[in-house]
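S.K.: I'm passing along protein-v5.tsv; it holds TSV, C-alpha atoms.
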chain	number	residue	atom	x	y	z
S	1	MET	CA	1.38	-28.25	3.92
S	2	SER	CA	3.56	-25.16	3.80
S	3	GLY	CA	6.50	-24.21	5.96
S	4	LYS	CA	6.43	-21.09	8.11
S	5	PHE	CA	10.23	-20.93	7.89
S	6	GLU	CA	12.32	-21.24	4.73
S	7	LEU	CA	15.93	-22.41	4.66
S	8	ASN	CA	18.03	-21.68	1.60
S	9	ALA	CA	20.50	-24.50	1.10
S	10	GLU	CA	23.19	-25.70	-1.26
S	11	VAL	CA	23.78	-29.36	-2.07
S	12	ARG	CA	27.31	-30.40	-1.07
S	13	SER	CA	29.29	-33.43	-2.12
S	14	ALA	CA	32.41	-33.18	0.06
S	15	LYS	CA	32.22	-35.30	3.20
S	16	GLY	CA	34.29	-35.64	6.35
S	17	THR	CA	35.58	-33.49	9.17
S	18	GLY	CA	37.94	-31.51	6.96
S	19	ALA	CA	35.20	-30.55	4.50
S	20	SER	CA	32.87	-29.50	7.34
S	21	ARG	CA	35.63	-27.43	8.91
S	22	ARG	CA	36.20	-25.58	5.63
S	23	LEU	CA	32.47	-24.85	5.34
S	24	ARG	CA	32.36	-23.39	8.85
S	25	ARG	CA	35.39	-21.19	8.13
S	26	ALA	CA	33.48	-19.88	5.10
S	27	GLY	CA	30.51	-18.93	7.31
S	28	LYS	CA	28.37	-21.91	6.41
S	29	VAL	CA	26.76	-24.74	8.36
S	30	PRO	CA	26.93	-28.36	7.16
S	31	GLY	CA	23.76	-30.37	7.42
S	32	ILE	CA	21.94	-33.47	6.28
S	33	MET	CA	18.34	-34.19	5.32
S	34	TYR	CA	16.93	-37.72	5.41
S	35	GLY	CA	13.70	-39.69	5.72
S	36	ALA	CA	10.40	-40.18	3.84
S	37	GLY	CA	11.87	-43.11	1.87
S	38	LYS	CA	14.36	-40.92	0.01
S	39	GLU	CA	18.14	-40.94	-0.06
S	40	PRO	CA	19.90	-38.63	2.43
S	41	VAL	CA	21.07	-35.33	0.97
S	42	MET	CA	24.14	-33.44	2.19
S	43	LEU	CA	23.41	-29.72	2.46
S	44	SER	CA	25.01	-26.50	3.63
S	45	PHE	CA	23.39	-23.31	4.92
S	46	GLU	CA	24.54	-19.73	5.39
S	47	HIS	CA	25.17	-19.35	9.11
S	48	ASP	CA	23.84	-15.87	9.83
S	49	PRO	CA	20.34	-16.28	8.28
S	50	LEU	CA	20.06	-19.65	10.04
S	51	TRP	CA	21.17	-18.11	13.34
S	52	HIS	CA	18.36	-15.53	13.11
S	53	GLN	CA	15.82	-18.27	12.38
S	54	ILE	CA	16.70	-20.41	15.38
S	55	ARG	CA	16.18	-17.46	17.73
S	56	HIS	CA	12.44	-18.08	17.23
S	57	GLU	CA	10.96	-20.76	19.47
S	58	ALA	CA	8.50	-21.70	16.72
S	59	PHE	CA	11.39	-22.73	14.46
S	60	PHE	CA	11.81	-25.94	16.46
S	61	THR	CA	8.16	-27.00	16.07
S	62	SER	CA	7.46	-25.84	12.52
S	63	ILE	CA	7.48	-27.45	9.12
S	64	LEU	CA	10.54	-26.04	7.36
S	65	SER	CA	10.62	-25.42	3.62
S	66	ILE	CA	14.03	-26.41	2.25
S	67	LYS	CA	14.96	-24.46	-0.86
S	68	VAL	CA	17.78	-25.12	-3.32
S	69	ASP	CA	18.35	-22.65	-6.17
S	70	GLY	CA	15.21	-20.79	-5.13
S	71	LYS	CA	12.91	-23.82	-5.37
S	72	VAL	CA	11.40	-25.79	-2.50
S	73	ILE	CA	12.74	-29.34	-2.75
S	74	ASP	CA	11.29	-30.76	0.47
S	75	GLN	CA	9.44	-30.10	3.70
S	76	ALA	CA	11.25	-31.10	6.88
S	77	VAL	CA	11.39	-30.74	10.64
S	78	LEU	CA	14.48	-30.08	12.73
S	79	ARG	CA	15.72	-33.26	14.38
S	80	ASP	CA	19.01	-32.12	15.85
S	81	LEU	CA	20.98	-28.91	16.18
S	82	HIS	CA	24.64	-29.12	17.12
S	83	MET	CA	26.16	-25.98	18.62
S	84	HIS	CA	29.82	-25.00	18.91
S	85	PRO	CA	31.16	-25.99	22.38
S	86	PHE	CA	31.78	-22.41	23.50
S	87	LYS	CA	30.97	-20.03	20.62
S	88	PRO	CA	27.45	-18.82	19.71
S	89	ARG	CA	27.54	-20.67	16.42
S	90	VAL	CA	25.61	-23.53	14.84
S	91	ALA	CA	27.91	-26.43	13.99
S	92	HIS	CA	25.58	-28.91	12.26
S	93	LEU	CA	21.95	-29.37	11.29
S	94	ASP	CA	19.92	-32.60	11.03
S	95	LEU	CA	16.62	-32.44	9.16
S	96	GLN	CA	13.95	-35.09	8.69
S	97	ARG	CA	11.67	-34.97	5.69
S	98	VAL	CA	7.95	-35.10	6.41
S	99	SER	CA	5.07	-36.57	4.45
S	100	ALA	CA	1.61	-35.02	4.53
S	101	THR	CA	0.10	-38.46	5.16
S	102	GLU	CA	2.51	-39.78	7.82
S	103	ARG	CA	2.33	-38.95	11.52
S	104	LEU	CA	5.44	-37.54	13.15
S	105	HIS	CA	6.69	-37.34	16.74
S	106	LEU	CA	8.10	-34.09	17.99
S	107	PRO	CA	8.57	-32.31	21.35
S	108	VAL	CA	6.36	-29.24	21.73
S	109	PRO	CA	6.95	-26.52	24.37
S	110	LEU	CA	4.40	-25.69	27.07
S	111	HIS	CA	3.34	-22.07	27.65
S	112	PHE	CA	2.09	-21.44	31.19
S	113	VAL	CA	-0.49	-18.64	31.63
S	114	ASN	CA	-2.27	-16.95	34.58
S	115	GLN	CA	0.43	-17.97	37.03
S	116	GLU	CA	0.41	-14.71	39.01
S	117	THR	CA	-3.38	-14.78	39.51
S	118	ALA	CA	-3.66	-18.41	40.64
S	119	PRO	CA	-5.18	-18.65	44.16
S	120	GLY	CA	-2.22	-20.72	45.32
S	121	VAL	CA	0.11	-17.83	44.41
S	122	LYS	CA	-1.98	-14.70	44.95
S	123	LEU	CA	-3.84	-15.76	48.11
S	124	GLN	CA	-1.71	-18.51	49.62
S	125	GLY	CA	1.78	-17.27	48.81
S	126	GLY	CA	2.83	-20.42	46.97
S	127	LEU	CA	5.29	-20.88	44.13
S	128	VAL	CA	4.57	-22.34	40.70
S	129	ALA	CA	6.78	-25.35	39.96
S	130	HIS	CA	7.11	-26.41	36.32
S	131	LEU	CA	7.62	-30.16	36.41
S	132	VAL	CA	7.61	-30.49	32.59
S	133	THR	CA	8.39	-27.76	30.06
S	134	GLU	CA	7.74	-29.69	26.83
S	135	VAL	CA	5.74	-32.75	25.80
S	136	ASP	CA	6.14	-35.21	22.94
S	137	VAL	CA	3.23	-35.21	20.50
S	138	SER	CA	2.18	-37.37	17.58
S	139	CYS	CA	0.26	-35.86	14.67
S	140	LEU	CA	0.22	-35.17	10.96
S	141	PRO	CA	2.52	-32.34	9.83
S	142	SER	CA	-0.46	-30.07	9.09
S	143	GLN	CA	-1.68	-30.51	12.70
S	144	LEU	CA	1.63	-29.77	14.43
S	145	PRO	CA	1.12	-27.08	17.12
S	146	GLU	CA	3.83	-24.51	17.84
S	147	PHE	CA	3.09	-24.85	21.58
S	148	LEU	CA	0.45	-26.02	24.05
S	149	THR	CA	-1.10	-23.65	26.58
S	150	VAL	CA	-1.34	-24.60	30.26
S	151	ASP	CA	-3.77	-22.44	32.27
S	152	VAL	CA	-2.62	-22.35	35.89
S	153	GLY	CA	-5.29	-19.80	36.91
S	154	ASN	CA	-7.35	-22.12	39.15
S	155	LEU	CA	-4.58	-23.92	41.01
S	156	ARG	CA	-4.26	-23.83	44.80
S	157	VAL	CA	-1.28	-24.91	46.90
S	158	GLY	CA	-0.76	-28.65	46.62
S	159	GLU	CA	-2.79	-29.00	43.40
S	160	SER	CA	-1.36	-30.08	40.03
S	161	ILE	CA	-2.22	-30.13	36.35
S	162	HIS	CA	-1.65	-33.42	34.51
S	163	LEU	CA	-1.34	-34.30	30.84
S	164	SER	CA	-4.96	-35.44	30.84
S	165	ASN	CA	-6.02	-31.88	31.78
S	166	LEU	CA	-4.47	-30.34	28.67
S	167	THR	CA	-6.55	-29.22	25.71
S	168	VAL	CA	-4.84	-30.30	22.47
S	169	PRO	CA	-5.78	-29.57	18.84
S	170	GLU	CA	-7.74	-32.13	16.87
S	171	GLY	CA	-5.57	-34.98	15.62
S	172	VAL	CA	-2.80	-34.36	18.16
S	173	THR	CA	-1.93	-37.16	20.60
S	174	LEU	CA	0.18	-36.77	23.73
S	175	THR	CA	2.64	-39.67	23.49
S	176	ASP	CA	3.09	-40.25	27.24
S	177	LEU	CA	-0.64	-40.14	27.87
S	178	ALA	CA	-1.25	-42.61	25.04
S	179	HIS	CA	1.19	-44.97	26.79
S	180	GLY	CA	-0.69	-44.66	30.09
S	181	ASN	CA	1.62	-42.11	31.74
S	182	ASP	CA	-0.52	-39.22	32.99
S	183	LEU	CA	2.39	-37.06	34.10
S	184	ALA	CA	2.00	-34.04	36.37
S	185	ILE	CA	3.30	-31.00	34.49
S	186	VAL	CA	2.86	-28.13	36.95
S	187	THR	CA	2.03	-27.71	40.62
S	188	ILE	CA	1.96	-24.99	43.27
S	189	THR	CA	4.13	-25.61	46.31
S	190	VAL	CA	4.23	-23.86	49.67
S	191	VAL	CA	7.11	-21.44	50.13
S	192	ARG	CA	9.73	-22.93	52.47
S	193	GLU	CA	10.07	-19.73	54.53
S	194	VAL	CA	6.32	-19.70	55.19
S	195	ALA	CA	6.35	-23.33	56.29
S	196	GLU	CA	9.27	-22.67	58.64
S	197	ALA	CA	7.59	-19.57	60.07
S	198	GLU	CA	4.42	-21.52	60.81
S	199	ALA	CA	6.42	-24.22	62.58
S	200	ALA	CA	8.54	-21.74	64.57
S	201	PRO	CA	5.98	-20.90	67.36
S	202	GLU	CA	5.69	-24.58	68.28
S	203	ALA	CA	9.46	-24.81	68.59
S	204	GLN	CA	9.57	-21.68	70.78
S	205	VAL	CA	6.91	-23.05	73.16
S	206	ALA	CA	8.70	-26.37	73.50
S	207	THR	CA	12.10	-24.87	74.19
S	208	PRO	CA	11.52	-23.51	77.77
S	209	ALA	CA	10.02	-26.82	78.91
S	210	ALA	CA	12.95	-28.68	77.49
S	211	GLU	CA	15.35	-26.33	79.25
S	212	ALA	CA	13.56	-26.81	82.61
S	213	GLN	CA	13.92	-30.57	82.37
S	214	ALA	CA	17.56	-30.46	81.32
S	215	PRO	CA	20.09	-30.84	84.18
S	216	LYS	CA	22.10	-27.70	84.90
S	217	ALA	CA	25.84	-27.85	84.50
S	218	GLU	CA	27.85	-27.58	87.73
S	219	GLY	CA	29.95	-24.51	88.07
S	220	LYS	CA	33.70	-24.83	87.90
Could I get this structure in the form of structure tokens?

M.R.:
Amino acid sequence: MSGKFELNAEVRSAKGTGASRRLRRAGKVPGIMYGAGKEPVMLSFEHDPLWHQIRHEAFFTSILSIKVDGKVIDQAVLRDLHMHPFKPRVAHLDLQRVSATERLHLPVPLHFVNQETAPGVKLQGGLVAHLVTEVDVSCLPSQLPEFLTVDVGNLRVGESIHLSNLTVPEGVTLTDLAHGNDLAIVTITVVREVAEAEAAPEAQVATPAAEAQAPKAEGK
């Protein structure tokens, strides 16, 4: 089990808001790593290298190698990322250690393909509606997918793809589906303007009849 991303960290001992504030002023990000039956470890990371890492979607669904003094001390997954309220800066990092033999739960993004060529879009003028953009999975760390692909290429207007229609790697379980919730994740809906245009002729035909039956106002 090796991490696609490596985070160089320093072990820190100072705790509290004041200590974290000083770290941030020095261009560093305070963090904590816990789990796997070990004691939590307080860490700090250089902000700029971390900022470049989190720009990759795969960072959030990858096993991260945590290095201190050039040596990997643990493998972990990102559990929480706190951002500054209004600046493009990371404020805090929460990491959870992983064990090669223990299953983990993590949200994985969905990648939708063949949307433009779906009959419901290309032939029927519908719109693709993403009902879910990520799903929670359970698997061993070595089986963790970066994303799951959803092929929309055969959908027509009014049709949907559910969790049970997804193809997942061996060993990966969709948490909602395991609990009996076969959620719809994408559908193709009719465009509102088209629906209104189709209904318009009926309204135009009905209008003259309605006007003929309506009493005329007396002139003043």

S.K.: In Å to one decimal, how far is CA of Leu166 in chain S from CA of Gln115 in chain S?

M.R.: 15.7 Å

S.K.: Tell me, as a PyMOL selection string, which residues lie within 12 Å of Ile66 in chain S, counting all atoms listed in the file; anything in the same chain fewer than 4 positions away does not count.

M.R.: chain S and resi 2-11+31-33+41+43-45+50+70-78+95-98

S.K.: Which residue out of S:Val191, S:Leu148, S:Pro30, S:Glu39 has the minimum interatomic distance to Ala129 in chain S when all atoms listed in the file are used?

M.R.: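 When distances to Ala129 in chain S are compared using all atoms listed in the file, the smallest one comes from S:Val191.
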
S.K.: Mind checking which residues fall within 7 Å of Val113 in chain S, counting all atoms listed in the file, ignoring those fewer than 5 positions away in the same chain, and posting them as a list in words?

M.R.: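 Near Val113 in chain S, the qualifying residues are Val150, Asp151 and Val152 of chain S.
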
S.K.: At what distance in Å, to one decimal, does CA of Phe60 in chain S lie from CA of Thr187 in chain S?

M.R.: 26.1 Å

S.K.: What is the CA of Arg12 in chain S-CA of Arg55 in chain S distance in Å, reported with one decimal?

M.R.: 25.4 Å

S.K.: Compare S:Leu110, S:Val121, S:Ala36, S:Val29 by their minimum atom-to-atom distance to Leu93 in chain S, counting all atoms listed in the file, and give me the closest one.

M.R.: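 Among the listed residues, S:Val29 lies closest to Leu93 in chain S.
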
S.K.: Identify which of the residues S:Met42, S:Leu131, S:Val137, S:Leu104 lies closest to Leu177 in chain S, counting only C-alpha atoms when measuring atom-to-atom distances.

M.R.: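 Ranked by minimum distance to Leu177 in chain S, first place goes to S:Val137.
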
S.K.: Given the choices S:Lys15, S:His111, S:Arg22, S:His105, which gets closest to Thr61 in chain S if the distance is worked out from all atoms listed in the file?

M.R.: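 When distances to Thr61 in chain S are compared using all atoms listed in the file, the smallest one comes from S:His105.
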
S.K.: For a quick check of understanding, using only C-alpha atoms, which of S:Glu57, S:Asp94, S:Glu46, S:Glu134 has the smallest distance to Thr149 in chain S?

M.R.: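 Among the listed residues, S:Glu134 lies closest to Thr149 in chain S.
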
S.K.: Which is closer to Gly126 in chain S than all the others in S:Ser13, S:Gln143, S:Thr189, S:Ser62, using all atoms listed in the file?

M.R.: S:Thr189

S.K.: To box range 19-31 of chain S, take all atoms listed in the file, fit an axis-aligned box, add 8 Å on each side, and give centre and edge lengths in Å to one decimal, as lines of an AutoDock Vina configuration file.

M.R.:
center_x = 30.0
center_y = -24.7
center_z = 6.7
size_x = 28.4
size_y = 27.6
size_z = 20.4

S.K.: Quick one: contact table of range 8-53 of chain S to range 84-88 of chain S, 12 Å max, nearest atom pair and distance in Å to one decimal per residue, counting only C-alpha atoms, chain and number order, as CSV?

M.R.:
residue,atom,partner,partner_atom,distance
S:Arg21,CA,S:His84,CA,11.8
S:Arg24,CA,S:His84,CA,10.5
S:Val29,CA,S:His84,CA,11.0
S:His47,CA,S:Pro88,CA,10.9
S:Asp48,CA,S:Pro88,CA,10.9
S:Trp51,CA,S:Pro88,CA,9.0
S:His52,CA,S:Pro88,CA,11.7

S.K.: Using only C-alpha atoms, please write the residues we just selected to a file, as an mmCIF file, in the frame of the given file.

M.R.:
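Generated file (selection01.cif):
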data_model
loop_
_atom_site.group_PDB
_atom_site.id
_atom_site.type_symbol
_atom_site.label_atom_id
_atom_site.label_comp_id
_atom_site.auth_asym_id
_atom_site.auth_seq_id
_atom_site.Cartn_x
_atom_site.Cartn_y
_atom_site.Cartn_z
ATOM 1 C CA ARG S 21 35.630 -27.430 8.910
ATOM 2 C CA ARG S 24 32.360 -23.390 8.850
ATOM 3 C CA VAL S 29 26.760 -24.740 8.360
ATOM 4 C CA HIS S 47 25.170 -19.350 9.110
ATOM 5 C CA ASP S 48 23.840 -15.870 9.830
ATOM 6 C CA TRP S 51 21.170 -18.110 13.340
ATOM 7 C CA HIS S 52 18.360 -15.530 13.110
#

S.K.: Would you pull range 9-116 of chain S out of the block just shown and save C-alpha atoms as a PDB file, in the first residue's frame?

M.R.:
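Ended up saving to part31.pdb:
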ATOM      1  CA  ALA S   9       5.396  17.239   7.833  1.00  0.00           C
ATOM      2  CA  GLU S  10       6.994  18.383  11.056  1.00  0.00           C
ATOM      3  CA  VAL S  11       5.919  17.152  14.473  1.00  0.00           C
ATOM      4  CA  ARG S  12       4.730  20.063  16.634  1.00  0.00           C
ATOM      5  CA  SER S  13       4.250  20.229  20.370  1.00  0.00           C
ATOM      6  CA  ALA S  14       2.665  23.663  20.853  1.00  0.00           C
ATOM      7  CA  LYS S  15      -1.119  23.544  21.101  1.00  0.00           C
ATOM      8  CA  GLY S  16      -3.895  26.109  21.127  1.00  0.00           C
ATOM      9  CA  THR S  17      -5.196  28.931  18.983  1.00  0.00           C
ATOM     10  CA  GLY S  18      -2.175  31.137  19.546  1.00  0.00           C
ATOM     11  CA  ALA S  19       0.280  28.446  18.435  1.00  0.00           C
ATOM     12  CA  SER S  20      -1.796  27.697  15.321  1.00  0.00           C
ATOM     13  CA  ARG S  21      -1.962  31.385  14.474  1.00  0.00           C
ATOM     14  CA  ARG S  22       1.826  31.679  14.675  1.00  0.00           C
ATOM     15  CA  LEU S  23       2.223  28.674  12.367  1.00  0.00           C
ATOM     16  CA  ARG S  24      -0.098  30.203   9.778  1.00  0.00           C
ATOM     17  CA  ARG S  25       1.790  33.513   9.897  1.00  0.00           C
ATOM     18  CA  ALA S  26       4.954  31.512   9.168  1.00  0.00           C
ATOM     19  CA  GLY S  27       3.346  29.986   6.058  1.00  0.00           C
ATOM     20  CA  LYS S  28       2.523  26.652   7.633  1.00  0.00           C
ATOM     21  CA  VAL S  29      -0.664  24.664   8.208  1.00  0.00           C
ATOM     22  CA  PRO S  30      -1.401  22.977  11.545  1.00  0.00           C
ATOM     23  CA  GLY S  31      -2.807  19.484  11.394  1.00  0.00           C
ATOM     24  CA  ILE S  32      -3.468  16.315  13.321  1.00  0.00           C
ATOM     25  CA  MET S  33      -3.195  12.631  12.457  1.00  0.00           C
ATOM     26  CA  TYR S  34      -5.105   9.986  14.411  1.00  0.00           C
ATOM     27  CA  GLY S  35      -6.533   6.475  14.185  1.00  0.00           C
ATOM     28  CA  ALA S  36      -5.333   2.874  13.670  1.00  0.00           C
ATOM     29  CA  GLY S  37      -5.001   2.370  17.441  1.00  0.00           C
ATOM     30  CA  LYS S  38      -2.157   4.878  17.773  1.00  0.00           C
ATOM     31  CA  GLU S  39      -1.890   8.118  19.707  1.00  0.00           C
ATOM     32  CA  PRO S  40      -2.804  11.309  17.803  1.00  0.00           C
ATOM     33  CA  VAL S  41       0.165  13.250  16.461  1.00  0.00           C
ATOM     34  CA  MET S  42       0.221  17.033  16.048  1.00  0.00           C
ATOM     35  CA  LEU S  43       1.789  18.002  12.731  1.00  0.00           C
ATOM     36  CA  SER S  44       2.465  21.053  10.597  1.00  0.00           C
ATOM     37  CA  PHE S  45       2.841  21.334   6.821  1.00  0.00           C
ATOM     38  CA  GLU S  46       4.271  23.935   4.464  1.00  0.00           C
ATOM     39  CA  HIS S  47       1.271  25.723   2.982  1.00  0.00           C
ATOM     40  CA  ASP S  48       2.298  26.207  -0.643  1.00  0.00           C
ATOM     41  CA  PRO S  49       3.235  22.570  -1.448  1.00  0.00           C
ATOM     42  CA  LEU S  50       0.028  21.454   0.285  1.00  0.00           C
ATOM     43  CA  TRP S  51      -2.007  24.009  -1.685  1.00  0.00           C
ATOM     44  CA  HIS S  52      -0.690  22.575  -4.971  1.00  0.00           C
ATOM     45  CA  GLN S  53      -1.561  19.038  -3.849  1.00  0.00           C
ATOM     46  CA  ILE S  54      -5.173  19.801  -2.985  1.00  0.00           C
ATOM     47  CA  ARG S  55      -5.767  21.239  -6.456  1.00  0.00           C
ATOM     48  CA  HIS S  56      -5.860  17.617  -7.651  1.00  0.00           C
ATOM     49  CA  GLU S  57      -9.217  15.890  -7.243  1.00  0.00           C
ATOM     50  CA  ALA S  58      -7.435  12.574  -6.638  1.00  0.00           C
ATOM     51  CA  PHE S  59      -5.829  13.989  -3.491  1.00  0.00           C
ATOM     52  CA  PHE S  60      -9.123  13.616  -1.635  1.00  0.00           C
ATOM     53  CA  THR S  61      -9.519   9.918  -2.489  1.00  0.00           C
ATOM     54  CA  SER S  62      -5.912   8.757  -2.295  1.00  0.00           C
ATOM     55  CA  ILE S  63      -3.766   7.113   0.324  1.00  0.00           C
ATOM     56  CA  LEU S  64      -1.366   9.825   1.492  1.00  0.00           C
ATOM     57  CA  SER S  65       2.188   9.061   2.570  1.00  0.00           C
ATOM     58  CA  ILE S  66       3.078  11.198   5.587  1.00  0.00           C
ATOM     59  CA  LYS S  67       6.791  11.896   5.827  1.00  0.00           C
ATOM     60  CA  VAL S  68       8.758  13.342   8.729  1.00  0.00           C
ATOM     61  CA  ASP S  69      12.486  14.021   8.284  1.00  0.00           C
ATOM     62  CA  GLY S  70      12.327  12.371   4.869  1.00  0.00           C
ATOM     63  CA  LYS S  71      10.903   9.068   6.134  1.00  0.00           C
ATOM     64  CA  VAL S  72       7.351   7.791   5.724  1.00  0.00           C
ATOM     65  CA  ILE S  73       5.884   7.423   9.210  1.00  0.00           C
ATOM     66  CA  ASP S  74       2.311   6.524   8.272  1.00  0.00           C
ATOM     67  CA  GLN S  75      -0.272   6.138   5.532  1.00  0.00           C
ATOM     68  CA  ALA S  76      -3.422   8.218   5.914  1.00  0.00           C
ATOM     69  CA  VAL S  77      -6.490   9.594   4.185  1.00  0.00           C
ATOM     70  CA  LEU S  78      -7.795  13.137   4.373  1.00  0.00           C
ATOM     71  CA  ARG S  79     -10.732  13.382   6.764  1.00  0.00           C
ATOM     72  CA  ASP S  80     -11.257  17.128   6.944  1.00  0.00           C
ATOM     73  CA  LEU S  81      -9.832  20.239   5.338  1.00  0.00           C
ATOM     74  CA  HIS S  82     -10.542  23.596   6.947  1.00  0.00           C
ATOM     75  CA  MET S  83     -10.204  26.629   4.695  1.00  0.00           C
ATOM     76  CA  HIS S  84      -9.760  30.280   5.656  1.00  0.00           C
ATOM     77  CA  PRO S  85     -13.174  32.041   5.680  1.00  0.00           C
ATOM     78  CA  PHE S  86     -12.339  34.376   2.795  1.00  0.00           C
ATOM     79  CA  LYS S  87      -8.702  33.809   1.735  1.00  0.00           C
ATOM     80  CA  PRO S  88      -7.523  31.003  -0.580  1.00  0.00           C
ATOM     81  CA  ARG S  89      -5.577  29.360   2.219  1.00  0.00           C
ATOM     82  CA  VAL S  90      -5.742  26.062   4.074  1.00  0.00           C
ATOM     83  CA  ALA S  91      -6.311  26.610   7.798  1.00  0.00           C
ATOM     84  CA  HIS S  92      -6.172  23.075   9.229  1.00  0.00           C
ATOM     85  CA  LEU S  93      -5.767  19.467   8.160  1.00  0.00           C
ATOM     86  CA  ASP S  94      -7.266  16.315   9.716  1.00  0.00           C
ATOM     87  CA  LEU S  95      -5.749  12.982   8.705  1.00  0.00           C
ATOM     88  CA  GLN S  96      -6.814   9.452   9.584  1.00  0.00           C
ATOM     89  CA  ARG S  97      -4.286   6.652   9.567  1.00  0.00           C
ATOM     90  CA  VAL S  98      -5.184   3.592   7.518  1.00  0.00           C
ATOM     91  CA  SER S  99      -4.380  -0.066   7.991  1.00  0.00           C
ATOM     92  CA  ALA S 100      -3.872  -2.404   5.047  1.00  0.00           C
ATOM     93  CA  THR S 101      -6.218  -4.931   6.667  1.00  0.00           C
ATOM     94  CA  GLU S 102      -9.030  -2.613   7.805  1.00  0.00           C
ATOM     95  CA  ARG S 103     -11.841  -1.344   5.577  1.00  0.00           C
ATOM     96  CA  LEU S 104     -12.371   2.388   5.396  1.00  0.00           C
ATOM     97  CA  HIS S 105     -15.315   4.599   4.418  1.00  0.00           C
ATOM     98  CA  LEU S 106     -14.709   7.520   2.123  1.00  0.00           C
ATOM     99  CA  PRO S 107     -16.710   9.629  -0.366  1.00  0.00           C
ATOM    100  CA  VAL S 108     -15.645   9.091  -3.974  1.00  0.00           C
ATOM    101  CA  PRO S 109     -16.544  11.486  -6.828  1.00  0.00           C
ATOM    102  CA  LEU S 110     -18.613  10.419  -9.833  1.00  0.00           C
ATOM    103  CA  HIS S 111     -17.388  11.153 -13.372  1.00  0.00           C
ATOM    104  CA  PHE S 112     -20.216  11.365 -15.910  1.00  0.00           C
ATOM    105  CA  VAL S 113     -19.354  10.408 -19.520  1.00  0.00           C
ATOM    106  CA  ASN S 114     -21.169  10.426 -22.905  1.00  0.00           C
ATOM    107  CA  GLN S 115     -23.642  13.057 -21.764  1.00  0.00           C
ATOM    108  CA  GLU S 116     -23.748  14.952 -25.068  1.00  0.00           C
TER     109      GLU S 116
END
